[in-house]
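Peer 1: If it helps, the file is called start-v3.txt and holds compact mmCIF, C-alpha atoms:
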```
# COMPACT_ATOMS: atom_id res chain seq x y z
CA MET A 93 57.88 -3.29 -28.08
CA PRO A 94 59.70 -6.47 -29.31
CA ARG A 95 57.69 -9.64 -29.45
CA GLN A 96 58.24 -11.87 -26.42
CA LYS A 97 60.02 -15.16 -27.04
CA ARG A 98 57.79 -18.21 -26.81
CA VAL A 99 59.28 -21.21 -25.08
CA ALA A 100 57.73 -24.63 -25.69
CA THR A 101 57.20 -27.05 -22.83
CA ASP A 102 57.07 -30.84 -22.71
CA TYR A 103 53.26 -30.61 -22.91
CA PRO A 104 51.64 -30.24 -26.34
CA GLY A 105 49.95 -26.90 -26.90
CA VAL A 106 51.53 -25.34 -23.81
CA PHE A 107 54.21 -22.66 -23.95
CA TYR A 108 55.35 -19.74 -21.85
CA VAL A 109 56.90 -16.29 -22.15
CA GLU A 110 59.01 -14.41 -19.63
CA ALA A 111 57.29 -11.30 -18.28
CA GLN A 112 57.81 -8.75 -15.52
CA ARG A 113 56.75 -10.19 -12.21
CA ILE A 114 53.65 -8.56 -10.72
CA GLY A 115 54.24 -7.10 -7.28
CA GLY A 116 57.92 -8.10 -7.11
CA ARG A 117 61.30 -7.90 -8.71
CA GLY A 118 62.49 -9.98 -11.61
CA THR A 119 60.46 -11.96 -14.09
CA GLU A 120 58.05 -14.88 -14.06
CA ARG A 121 56.66 -17.28 -16.61
CA VAL A 122 53.25 -16.62 -18.12
CA TYR A 123 51.84 -19.89 -19.47
CA TYR A 124 49.63 -20.02 -22.55
CA ILE A 125 47.60 -22.79 -24.11
CA ARG A 126 46.71 -23.35 -27.77
CA PHE A 127 43.83 -25.46 -29.04
CA LYS A 128 41.21 -25.59 -31.76
CA HIS A 129 37.61 -24.67 -31.11
CA ASP A 130 35.00 -25.00 -33.86
CA GLY A 131 37.79 -25.29 -36.40
CA LYS A 132 39.54 -22.10 -35.24
CA LEU A 133 42.89 -21.89 -33.50
CA VAL A 134 42.48 -20.32 -30.06
CA GLU A 135 45.34 -19.06 -27.93
CA GLU A 136 44.79 -17.75 -24.40
CA PRO A 137 46.71 -17.30 -21.12
CA ALA A 138 46.41 -20.07 -18.54
CA GLY A 139 48.04 -18.20 -15.64
CA ARG A 140 51.23 -16.80 -14.11
CA GLN A 141 54.00 -18.77 -12.45
CA TYR A 142 54.00 -16.99 -9.07
CA ARG A 143 50.76 -15.07 -8.89
CA ASP A 144 48.58 -18.03 -9.97
CA GLY A 145 50.89 -20.91 -9.04
CA MET A 146 50.68 -22.05 -12.65
CA THR A 147 52.83 -24.95 -13.88
CA PRO A 148 53.12 -26.66 -17.28
CA ALA A 149 51.10 -29.59 -15.92
CA LYS A 150 48.27 -27.37 -14.69
CA ALA A 151 48.24 -25.51 -18.00
CA ALA A 152 48.05 -28.83 -19.85
CA LYS A 153 45.09 -29.88 -17.70
CA ALA A 154 43.34 -26.58 -18.45
CA ARG A 155 43.96 -27.21 -22.17
CA GLY A 156 42.52 -30.70 -21.83
CA ASP A 157 39.40 -29.30 -20.18
CA LYS A 158 38.97 -26.90 -23.07
CA LEU A 159 39.35 -29.67 -25.62
CA GLU A 160 36.75 -31.77 -23.81
CA ASN A 161 34.42 -28.74 -23.73
CA ARG A 162 34.34 -28.77 -19.97
CA LYS A 163 35.18 -25.08 -19.95
CA PRO A 164 34.26 -22.39 -22.48
CA THR A 165 36.84 -20.15 -24.12
CA ARG A 166 37.60 -16.75 -22.62
CA ARG A 167 35.50 -15.11 -25.28
CA GLU A 168 32.66 -17.52 -24.60
CA GLU A 169 33.01 -16.88 -20.87
CA ARG A 170 32.71 -13.13 -21.47
CA THR A 171 29.68 -13.67 -23.70
CA GLN A 172 28.08 -15.99 -21.15
CA LYS A 173 28.80 -13.54 -18.35
CA GLN A 174 27.26 -10.67 -20.29
CA ALA A 175 24.22 -12.79 -21.09
CA ALA A 176 23.87 -13.77 -17.43
CA GLU A 177 24.15 -10.14 -16.33
CA ALA A 178 21.52 -9.09 -18.90
CA ALA A 179 19.22 -11.89 -17.75
CA GLU A 180 19.70 -10.86 -14.11
CA ALA A 181 18.96 -7.23 -14.95
CA ALA A 182 15.75 -8.29 -16.70
CA ARG A 183 14.55 -10.54 -13.84
CA PRO A 184 11.29 -9.03 -12.51
CA THR A 185 12.15 -9.24 -8.81
CA LEU A 186 9.80 -7.73 -6.25
CA ALA A 187 12.33 -4.93 -5.70
CA LYS A 188 12.35 -4.02 -9.41
CA LEU A 189 8.57 -4.33 -9.75
CA TRP A 190 8.18 -2.10 -6.69
CA GLU A 191 10.31 0.63 -8.31
CA GLU A 192 8.22 0.36 -11.48
CA TYR A 193 5.01 0.44 -9.43
CA LYS A 194 6.08 3.66 -7.65
CA ALA A 195 7.00 5.29 -10.97
CA ASP A 196 3.59 4.31 -12.34
CA HIS A 197 1.70 5.63 -9.27
CA PRO A 198 3.60 8.79 -8.18
CA ASN A 199 0.60 10.42 -6.45
CA LEU A 200 -0.92 7.34 -4.85
CA LYS A 201 -2.25 7.93 -1.36
CA GLY A 202 -0.25 6.03 1.26
CA LEU A 203 2.81 5.52 -0.97
CA VAL A 204 5.20 6.65 1.78
CA THR A 205 3.64 4.17 4.22
CA ASP A 206 3.90 1.39 1.65
CA GLU A 207 7.55 2.28 1.01
CA ASN A 208 8.29 1.94 4.72
CA ARG A 209 6.48 -1.43 4.81
CA PHE A 210 8.52 -2.64 1.85
CA LYS A 211 11.86 -1.59 3.34
CA LYS A 212 11.10 -3.01 6.77
CA HIS A 213 9.38 -6.29 5.94
CA ILE A 214 10.04 -7.29 2.31
CA GLY A 215 13.57 -6.11 1.57
CA PRO A 216 15.80 -3.12 0.76
CA PRO A 217 14.96 -1.17 -2.43
CA LEU A 218 17.34 -1.31 -5.40
CA GLU A 219 19.40 1.74 -4.46
CA ASP A 220 19.61 0.92 -0.76
CA GLU A 221 23.13 0.91 0.72
CA LYS A 222 22.45 -2.46 2.38
CA ARG A 223 22.68 -4.13 -1.02
CA LYS A 224 26.22 -2.86 -1.49
CA ALA A 225 27.42 -3.99 1.93
CA PRO A 226 29.70 -7.05 2.12
CA GLY A 227 27.88 -10.24 3.00
CA TYR A 228 24.47 -8.99 1.84
CA LYS A 229 22.00 -11.86 1.89
CA PRO A 230 19.15 -11.93 -0.63
CA THR A 231 15.71 -11.18 0.79
CA LEU A 232 12.15 -11.67 -0.38
CA ALA A 233 12.62 -8.54 -2.50
CA ASP A 234 15.24 -10.35 -4.61
CA LYS A 235 12.82 -13.08 -5.67
CA THR A 236 10.58 -12.95 -8.70
CA PRO A 237 6.86 -13.83 -8.34
CA GLU A 238 7.63 -17.10 -10.12
CA ASP A 239 10.34 -17.87 -7.54
CA LEU A 240 8.02 -17.31 -4.59
CA LEU A 241 6.60 -20.34 -2.84
CA PRO A 242 3.72 -20.45 -0.36
CA ILE A 243 6.21 -21.23 2.41
CA ASP A 244 8.00 -17.91 1.73
CA LEU A 245 4.90 -15.87 2.49
CA ASP A 246 3.84 -18.15 5.33
CA ARG A 247 7.20 -17.54 6.98
CA LEU A 248 6.74 -13.80 6.46
CA ARG A 249 3.23 -13.98 7.92
CA LEU A 250 4.30 -15.96 10.99
CA SER A 251 7.34 -13.74 11.57
CA LEU A 252 5.25 -10.57 11.45
CA ALA A 253 2.51 -12.04 13.64
CA LYS A 254 4.96 -12.35 16.56
CA ASP A 255 5.36 -8.59 17.02
CA HIS A 256 2.68 -6.93 14.88
CA LYS A 257 -1.09 -6.59 14.80
CA PRO A 258 -3.14 -8.60 12.27
CA ALA A 259 -3.80 -5.38 10.33
CA THR A 260 -0.06 -4.87 9.77
CA VAL A 261 0.42 -8.48 8.64
CA ARG A 262 -2.49 -8.13 6.25
CA ASN A 263 -1.19 -4.83 4.85
CA VAL A 264 2.25 -6.33 4.12
CA LEU A 265 0.80 -9.39 2.39
CA GLU A 266 -1.58 -7.14 0.48
CA LEU A 267 1.39 -5.04 -0.68
CA VAL A 268 3.12 -8.17 -2.03
CA ARG A 269 -0.07 -9.16 -3.84
CA ARG A 270 -0.51 -5.65 -5.26
CA ILE A 271 3.07 -5.56 -6.60
CA VAL A 272 2.67 -8.99 -8.23
CA ASN A 273 -0.67 -8.01 -9.78
CA PHE A 274 0.97 -4.87 -11.17
CA GLY A 275 3.76 -6.95 -12.75
CA THR A 276 1.18 -9.30 -14.24
CA ARG A 277 -0.82 -6.43 -15.76
CA LYS A 278 2.37 -5.01 -17.27
CA LYS A 279 3.24 -8.48 -18.65
CA ARG A 280 6.52 -8.46 -16.73
CA THR A 281 5.73 -11.68 -14.92
CA ALA A 282 3.41 -14.65 -15.06
CA GLY A 283 2.54 -14.02 -11.43
CA LEU A 284 2.30 -16.30 -8.42
CA SER A 285 1.69 -20.01 -8.75
CA PHE A 286 -0.63 -19.85 -5.74
CA LYS A 287 -3.31 -17.56 -4.31
CA ILE A 288 -3.26 -15.09 -1.39
CA GLY A 289 -6.65 -14.42 0.18
CA SER A 290 -9.34 -15.91 2.37
CA ARG A 291 -9.78 -19.57 3.14
CA LYS A 292 -13.23 -19.48 1.54
CA SER A 293 -11.68 -18.46 -1.78
CA GLY A 294 -9.38 -21.49 -1.70
CA ALA A 295 -6.24 -19.43 -1.14
CA THR A 296 -2.99 -21.24 -0.30
CA VAL A 297 -1.70 -18.36 1.82
CA GLU A 298 -4.45 -17.06 4.08
CA MET A 299 -4.81 -13.40 4.97
CA PRO A 300 -5.19 -12.79 8.72
CA LYS A 301 -8.63 -11.68 9.83
CA VAL A 302 -8.81 -8.09 11.02
CA HIS A 303 -11.53 -6.93 13.38
CA ASN A 304 -10.71 -3.24 13.58
CA GLU A 305 -13.86 -1.62 12.25
CA ARG A 306 -14.74 1.30 14.46
CA THR A 307 -18.11 2.96 14.33
CA GLU A 308 -17.43 6.09 16.36
CA ASP A 309 -20.42 7.92 17.67
CA LEU A 310 -21.01 10.82 20.02
CA ALA A 311 -23.65 10.96 22.71
CA PRO A 312 -25.93 14.04 22.52
CA GLU A 313 -24.11 15.73 25.42
CA GLN A 314 -20.70 15.02 23.78
CA LEU A 315 -21.90 16.45 20.47
CA ALA A 316 -23.21 19.55 22.23
CA ALA A 317 -19.87 20.01 24.02
CA LEU A 318 -18.00 19.61 20.73
CA LEU A 319 -20.12 22.18 18.90
CA THR A 320 -19.58 24.61 21.78
CA ALA A 321 -15.80 24.05 21.60
CA ILE A 322 -15.86 24.52 17.82
CA ASP A 323 -17.70 27.85 18.12
CA ALA A 324 -15.27 29.00 20.83
CA ASP A 325 -12.14 28.19 18.82
CA ASP A 326 -10.55 31.02 16.81
CA ASN A 327 -9.19 28.73 14.07
CA PHE A 328 -11.98 29.13 11.51
CA GLN A 329 -10.38 26.65 9.11
CA ALA A 330 -10.42 23.84 11.68
CA ALA A 331 -13.86 24.83 13.00
CA ASN A 332 -15.55 24.90 9.60
CA LEU A 333 -13.78 21.73 8.47
CA MET A 334 -15.20 19.88 11.46
CA LYS A 335 -18.68 21.30 10.96
CA LEU A 336 -18.70 20.38 7.27
CA ALA A 337 -17.54 16.84 8.13
CA LEU A 338 -20.45 16.56 10.56
CA PHE A 339 -23.09 17.94 8.19
CA THR A 340 -21.94 16.20 4.98
CA GLY A 341 -20.11 13.04 6.10
CA MET A 342 -17.23 13.88 3.74
CA ARG A 343 -13.88 12.17 4.22
CA ARG A 344 -10.84 14.04 5.49
CA GLY A 345 -9.06 13.80 2.12
CA GLU A 346 -12.20 14.92 0.25
CA LEU A 347 -12.44 18.01 2.46
CA PHE A 348 -8.77 18.83 1.84
CA LYS A 349 -9.28 18.49 -1.93
CA LEU A 350 -12.59 20.39 -2.02
CA GLN A 351 -12.52 23.36 -4.42
CA TRP A 352 -15.01 26.18 -4.75
CA ASP A 353 -15.96 25.25 -8.31
CA ALA A 354 -17.10 21.83 -7.06
CA ILE A 355 -19.91 23.45 -5.03
CA ASP A 356 -23.12 23.93 -7.01
CA GLN A 357 -25.06 26.43 -4.89
CA GLN A 358 -27.89 26.68 -7.41
CA ARG A 359 -28.63 22.95 -7.68
CA GLY A 360 -27.59 22.22 -4.11
CA PHE A 361 -24.81 19.64 -4.65
CA ILE A 362 -21.13 19.12 -3.85
CA LEU A 363 -19.07 17.28 -6.46
CA ILE A 364 -16.64 14.76 -4.95
CA ARG A 365 -14.11 14.52 -7.78
CA ASP A 366 -11.87 11.77 -6.45
CA PRO A 367 -13.76 9.72 -3.87
CA LYS A 368 -12.21 6.68 -2.28
CA GLY A 369 -15.02 4.63 -3.80
CA GLY A 370 -14.02 5.39 -7.40
CA LYS A 371 -15.67 7.68 -9.97
CA PRO A 372 -16.79 11.28 -9.18
CA GLN A 373 -20.10 11.60 -7.32
CA ASN A 374 -22.47 14.33 -6.22
CA ILE A 375 -23.67 14.58 -2.64
CA PRO A 376 -26.42 16.93 -1.44
CA LEU A 377 -25.54 20.37 -0.09
CA SER A 378 -27.75 20.66 2.97
CA ALA A 379 -28.96 24.01 4.34
CA ASP A 380 -26.57 23.69 7.31
CA ALA A 381 -23.60 22.90 5.06
CA LYS A 382 -24.55 25.78 2.75
CA ALA A 383 -24.66 28.18 5.70
CA ILE A 384 -21.16 27.11 6.76
CA LEU A 385 -19.75 27.65 3.26
CA ASP A 386 -21.56 30.99 2.83
CA ALA A 387 -19.88 32.31 5.98
CA HIS A 388 -16.49 30.74 5.25
CA PRO A 389 -13.76 33.23 4.12
CA ARG A 390 -12.49 32.67 0.61
CA ASP A 391 -8.83 33.01 -0.36
CA PRO A 392 -8.81 34.81 -3.74
CA LYS A 393 -5.42 33.25 -4.58
CA SER A 394 -6.49 29.66 -4.00
CA PRO A 395 -9.11 27.38 -5.60
CA TYR A 396 -9.39 25.35 -2.39
CA VAL A 397 -12.09 25.85 0.22
CA PHE A 398 -9.65 24.92 3.00
CA PRO A 399 -6.26 25.83 1.49
CA GLY A 400 -2.93 24.83 2.94
CA ARG A 401 0.39 26.63 2.70
CA LYS A 402 0.71 29.19 -0.07
CA GLY A 403 -2.82 28.40 -1.23
CA GLY A 404 -2.01 24.80 -2.18
CA GLN A 405 -3.89 21.68 -1.18
CA ARG A 406 -3.98 21.12 2.55
CA VAL A 407 -2.27 17.96 3.81
CA ASP A 408 -2.87 18.14 7.57
CA ILE A 409 -4.85 19.90 10.31
CA ASN A 410 -4.52 17.29 13.06
CA LYS A 411 -3.07 19.55 15.76
CA ALA A 412 -5.82 22.19 15.47
CA VAL A 413 -8.74 19.73 15.48
CA ARG A 414 -7.19 17.75 18.34
CA GLU A 415 -7.14 20.90 20.46
CA ILE A 416 -10.87 21.36 19.81
CA THR A 417 -11.79 17.77 20.74
CA LYS A 418 -9.62 18.06 23.85
CA ALA A 419 -11.40 21.27 24.85
CA ALA A 420 -14.72 19.46 24.38
CA GLY A 421 -13.59 16.69 26.73
CA LEU A 422 -13.91 13.94 24.10
CA PRO A 423 -12.02 10.63 24.50
CA ALA A 424 -8.36 10.76 23.43
CA ASP A 425 -8.87 8.02 20.82
CA PHE A 426 -11.72 9.88 19.06
CA ARG A 427 -10.55 10.68 15.53
CA PRO A 428 -11.78 14.23 14.91
CA LEU A 429 -12.66 14.28 11.20
CA HIS A 430 -13.14 10.56 10.66
CA GLY A 431 -15.15 10.34 13.87
CA LEU A 432 -17.48 13.12 12.73
CA ARG A 433 -18.09 11.25 9.46
CA HIS A 434 -19.10 8.23 11.54
CA THR A 435 -21.29 10.43 13.73
CA PHE A 436 -23.04 11.76 10.62
CA ALA A 437 -23.69 8.21 9.40
CA SER A 438 -24.72 6.89 12.83
CA MET A 439 -27.28 9.64 13.38
CA LEU A 440 -28.89 9.00 10.00
CA ALA A 441 -28.91 5.23 10.45
CA SER A 442 -30.34 5.37 13.99
CA SER A 443 -33.08 7.80 12.93
CA GLY A 444 -34.83 4.97 11.08
CA LYS A 445 -35.70 7.41 8.31
CA VAL A 446 -32.75 6.62 6.00
CA ASP A 447 -32.33 3.23 4.32
CA LEU A 448 -28.86 1.70 3.90
CA TYR A 449 -28.80 2.22 0.13
CA THR A 450 -29.32 5.97 0.57
CA LEU A 451 -26.71 6.03 3.33
CA GLN A 452 -24.28 4.23 1.03
CA LYS A 453 -24.73 6.93 -1.63
CA LEU A 454 -24.33 9.75 0.91
CA LEU A 455 -21.10 8.23 2.20
CA THR A 456 -19.90 7.45 -1.38
CA HIS A 457 -19.16 3.85 -0.45
CA LYS A 458 -18.31 1.81 -3.53
CA SER A 459 -20.13 -1.24 -2.22
CA PRO A 460 -22.75 -1.78 0.50
CA THR A 461 -20.29 -3.85 2.55
CA MET A 462 -18.82 -0.81 4.32
CA THR A 463 -22.28 0.64 4.98
CA GLN A 464 -23.37 -2.59 6.69
CA ARG A 465 -21.50 -1.55 9.85
CA TYR A 466 -24.40 0.87 10.50
CA ALA A 467 -27.09 -1.78 9.92
CA HIS A 468 -27.44 -2.54 13.63
CA LEU A 469 -28.27 1.12 14.33
CA ARG A 470 -31.02 1.04 11.74
CA ASP A 471 -32.23 -2.28 13.17
CA ASP A 472 -32.40 -0.70 16.63
CA ALA A 473 -34.48 2.15 15.21
CA LEU A 474 -36.80 -0.36 13.53
CA LYS A 475 -37.12 -2.28 16.80
CA ASP A 476 -37.96 0.94 18.63
CA ALA A 477 -40.53 1.74 15.95
CA SER A 478 -41.97 -1.77 16.22
CA GLY A 479 -42.11 -1.45 19.99
CA LEU A 480 -43.81 1.92 19.64
CA ALA A 481 -46.39 0.32 17.35
CA GLY A 482 -47.09 -2.30 20.01
CA SER A 483 -47.51 0.39 22.66
CA LEU A 484 -49.86 2.31 20.40
CA VAL A 485 -51.94 -0.81 19.82
CA LYS A 486 -52.13 -1.54 23.54
CA ALA A 487 -53.03 2.05 24.31
CA SER A 488 -55.74 1.94 21.64
CA VAL A 489 -57.15 -1.30 23.10
CA GLU A 490 -57.11 0.11 26.62
CA LYS A 491 -58.86 3.24 25.38
CA ALA A 492 -61.53 1.14 23.68
CA LYS A 493 -62.03 -0.94 26.84
CA LYS A 494 -62.44 2.18 28.94
CA ALA A 495 -64.95 3.57 26.46
CA ALA A 496 -66.92 0.30 26.55
CA LYS A 497 -66.99 0.31 30.35
CA GLY A 498 -68.21 3.87 30.31
CA LYS A 499 -71.09 2.93 28.05
CA LEU A 500 -72.07 0.01 30.33
CA LYS A 501 -72.16 2.30 33.35
CA ALA A 502 -74.28 4.82 31.48
CA MET A 503 -76.77 2.10 30.48
CA LYS A 504 -77.13 0.98 34.11
```
Render the structure in this file as C-alpha cells.
Peer 2:
Amino acid sequence: MPRQKRVATDYPGVFYVEAQRIGGRGTERVYYIRFKHDGKLVEEPAGRQYRDGMTPAKAAKARGDKLENRKPTRREERTQKQAAEAAEAARPTLAKLWEEYKADHPNLKGLVTDENRFKKHIGPPLEDEKRKAPGYKPTLADKTPEDLLPIDLDRLRLSLAKDHKPATVRNVLELVRRIVNFGTRKKRTAGLSFKIGSRKSGATVEMPKVHNERTEDLAPEQLAALLTAIDADDNFQAANLMKLALFTGMRRGELFKLQWDAIDQQRGFILIRDPKGGKPQNIPLSADAKAILDAHPRDPKSPYVFPGRKGGQRVDINKAVREITKAAGLPADFRPLHGLRHTFASMLASSGKVDLYTLQKLLTHKSPTMTQRYAHLRDDALKDASGLAGSLVKASVEKAKKAAKGKLKAMK
C-alpha cells in the first residue's frame, strides 16, 4: 500500500492525509499532530474531518495541550487506563470480599441465607446481570471498607428498619462486619474507620437490640400427648430423633450429623464433633437415650444414625416432625426439635437439682450467657425449696407446741 501524502497546514506541527471516509462515499481529511515529549518526537492522530468534526485549528489546540502537558500522549493514556483498570480490579470492595469469603467458607452453615441477604440488602454479586445493565448505579457492595462511612450503614439500618424486624437489620449489619473482618484478617483491607456494635462498647453505628429469645417449654399434659403421638407415628426416624432431642438436649444439626462411631456405649458418652459452641465435646448417654439407640435400626451402608437420602447426611425432617406435633395438639409455633431441646433444659433447670454450669456443659453452650435464659426456672425451684423449708419449720414448731400442750395436760 503506497504511503499517503502528507499535507501541511498553516498551523505548525499539524498536517493531514486524505483517507476513505467512514460510513460514506468519498474521502475525508485525517488530521495529525507532531510534538516532542521527553525529547522524543511523537506523532499521533487528532481526529477525522467529518466523523470527529476536526479542523486544523482544533488539531493545533490539541497539540498545544500536549505541549503544555495538559493531556498525556496516546501511549501514556493507554498506560494510565491499564493502571486504572488494574487498580480497580484490585480494590477490595464488599462484593469482591464476599466472593472471597464464600470461597474460603464453602460449607459454612447459613451461607445460602447470607447470600440472599447480601443480594437483597447490600448489592448484587460480581457476576450478577444487574451490573451489566445500562445505567447501573453503584451500591454499598461497590465500596471498600475504607470508603464506608458511618452514614452509609446508618442509612442502611434506617432503610431496613422500615419494613424488617430488628433481627433482620442486625443480621445484615453483622454480615457487613463479618465480611470486613474477613478482609482485615486476609490483609486485603485496613478495615472500617469506625465501629459497629453496642452503645456500651462505644460503637459509632449501633446494632439494633433484639428481644427474640424463646424458652419453649411443654406442660406435663402436652409432653404426655407428644410422647403418645411419637409412639403412634410409623416414621421411626422422626420419632427417635424427637425422643433423642428430648433425652439429650442435642441440637437439630448435631442430631443430623450424629454417626454411630461417636456413641461410646461402654463409657456412656456421645461425642459432639462439631458443636455450635466450638471444639468437640462429650455429653452423657443416659439410660433412656441408650435404650432409644439400642432399638433404632441401623443402615449398614451409612455411618449416620439418622441418614438422609442414599445414606448421606440428613438435611431436613421438618414435615415428618410437624405432623407429630400437630397430632399431639401442640401450638403451631412450637419448633419440634429446637423446642424439645428447650424442654430438656427447662425440666433440668426447674428441678433445682442441676446448677447452671452443669446445664451449660450439657447444652454445649460456649459461654454461660445463653444458659442464663433458664436462670429464672432454677430461681423458681430455689424459691419453692425455700418456701418448703419455711413450711417444714412451721410444721416442726406446731408439732413441738402440740407436744408441749400434751405434756401440760398430762401433768394436770
Peer 1: What does the structure give for the distance between atom CA of A:Lys224 and atom CA of A:Ala178, in Å to one decimal?
Peer 2: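 Taking atom CA of A:Lys224 as the start and atom CA of A:Ala178 as the end point, the length is 19.1 Å.
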Peer 1: Between A:Ser290, A:Ser394, A:Ser378, A:Asn410, which one has atoms that come closest to A:Arg344, using only C-alpha atoms?
Peer 2: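 Of all the options, A:Asn410 lies closest to A:Arg344.
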Peer 1: Please provide as a VMD selection string all residues within 10 Å of stretch 129-139 of chain A, with the sequence filter that same-chain residues fewer than 3 positions apart are discarded (counting all atoms listed in the file).
Peer 2: chain A and resid 105 to 108 121 to 126 142 to 148 150 to 155 158 to 159 161 164 to 167
Peer 1: List as a list in words: which residues have an atom within 10 Å of (-26.8, 14.5, 14.1), counting only C-alpha atoms?
Peer 2: Asp309, Leu310, Ala311, Pro312, Leu315, Leu338, Phe339, Leu432, Thr435, Phe436, Ala437, Ser438, Met439, Leu440, Ser442 and Ser443 of chain A
Peer 1: For A:Arg262, which residue among A:Arg98, A:Lys229, A:Lys301, A:Arg223 is the nearest when counting only C-alpha atoms?
Peer 2: A:Lys301
Peer 1: Using atom CA of A:Pro376 and atom CA of A:Gln405 as the two end points, give the distance in Å to one decimal.
Peer 2: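 For atom CA of A:Pro376 relative to atom CA of A:Gln405, the distance reads 23.0 Å.
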Peer 1: Would you kindly return, as a list in words, each protein, DNA or RNA residue with an atom no farther than 12 Å from any atom of stretch 197-203 of chain A, considering all atoms listed in the file and excluding same-chain residues fewer than 6 positions away?
Peer 2: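 Answer for this query is Trp190, Glu191, Arg209, Phe210, Asn263, Leu267, Ile271, Phe274, Gly345, Asp366, Pro367, Lys368 and Val407 of chain A.
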Peer 1: Using Å and a single decimal, report how far atom CA of A:Leu319 sits from atom CA of A:Thr417.
Peer 2: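 Computing it gives 9.6 Å between the two atoms.
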Peer 1: With distances taken over all atoms listed in the file, which residue among A:Leu252, A:Val99, A:Ala495, A:Leu218 lies nearest A:Leu265?
Peer 2: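 With all atoms listed in the file as the atom set, the closest residue is A:Leu252.
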Peer 1: Which residue gives the smallest distance to A:Leu189 among A:Lys222, A:Asp246, A:Lys279, A:Gly404, with all atoms listed in the file counted?
Peer 2: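 The shortest atom-to-atom distance to A:Leu189 comes from A:Lys279.
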Peer 1: Excluding stretch 418-428 of chain A and its own-chain neighbours fewer than 5 positions away, which residues fall within 7 Å of it when counting only C-alpha atoms? Please give them as a ChimeraX atom specification.
Peer 2: /A:314,317-318,321,413
Peer 1: Could you dump the residues just selected with C-alpha atoms as a short mmCIF file (atom, residue, chain, number, x, y, z; two decimals), in the frame of the given file?
Peer 2:
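Result written to again-v1.cif:
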```cif
data_model
loop_
_atom_site.label_atom_id
_atom_site.label_comp_id
_atom_site.auth_asym_id
_atom_site.auth_seq_id
_atom_site.Cartn_x
_atom_site.Cartn_y
_atom_site.Cartn_z
CA GLN A 314 -20.70 15.02 23.78
CA ALA A 317 -19.87 20.01 24.02
CA LEU A 318 -18.00 19.61 20.73
CA ALA A 321 -15.80 24.05 21.60
CA VAL A 413 -8.74 19.73 15.48
#
```
Peer 1: Rank A:Leu454, A:Ile409, A:Val268, A:Leu245 by their smallest atom-to-atom distance to A:Phe328, using only C-alpha atoms, and report the top residue only.
Peer 2: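 Ranked by minimum distance to A:Phe328, first place goes to A:Ile409.
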Peer 1: Using all atoms listed in the file - which residues lie no farther than 8 Å from the point (-4.4, -5.0, 5.9) in the file's frame? Write them as a list of chain:residue names.
Peer 2: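 Checked against the point, the hits come out as A:Pro258, A:Ala259, A:Thr260, A:Val261, A:Arg262, A:Asn263, A:Val264, A:Leu265, A:Glu266, A:Val302.
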Peer 1: Find the residue from A:Glu110, A:Arg359, A:Lys287, A:Lys349 that sits nearest to A:Gly403; use all atoms listed in the file when measuring.
Peer 2: A:Lys349
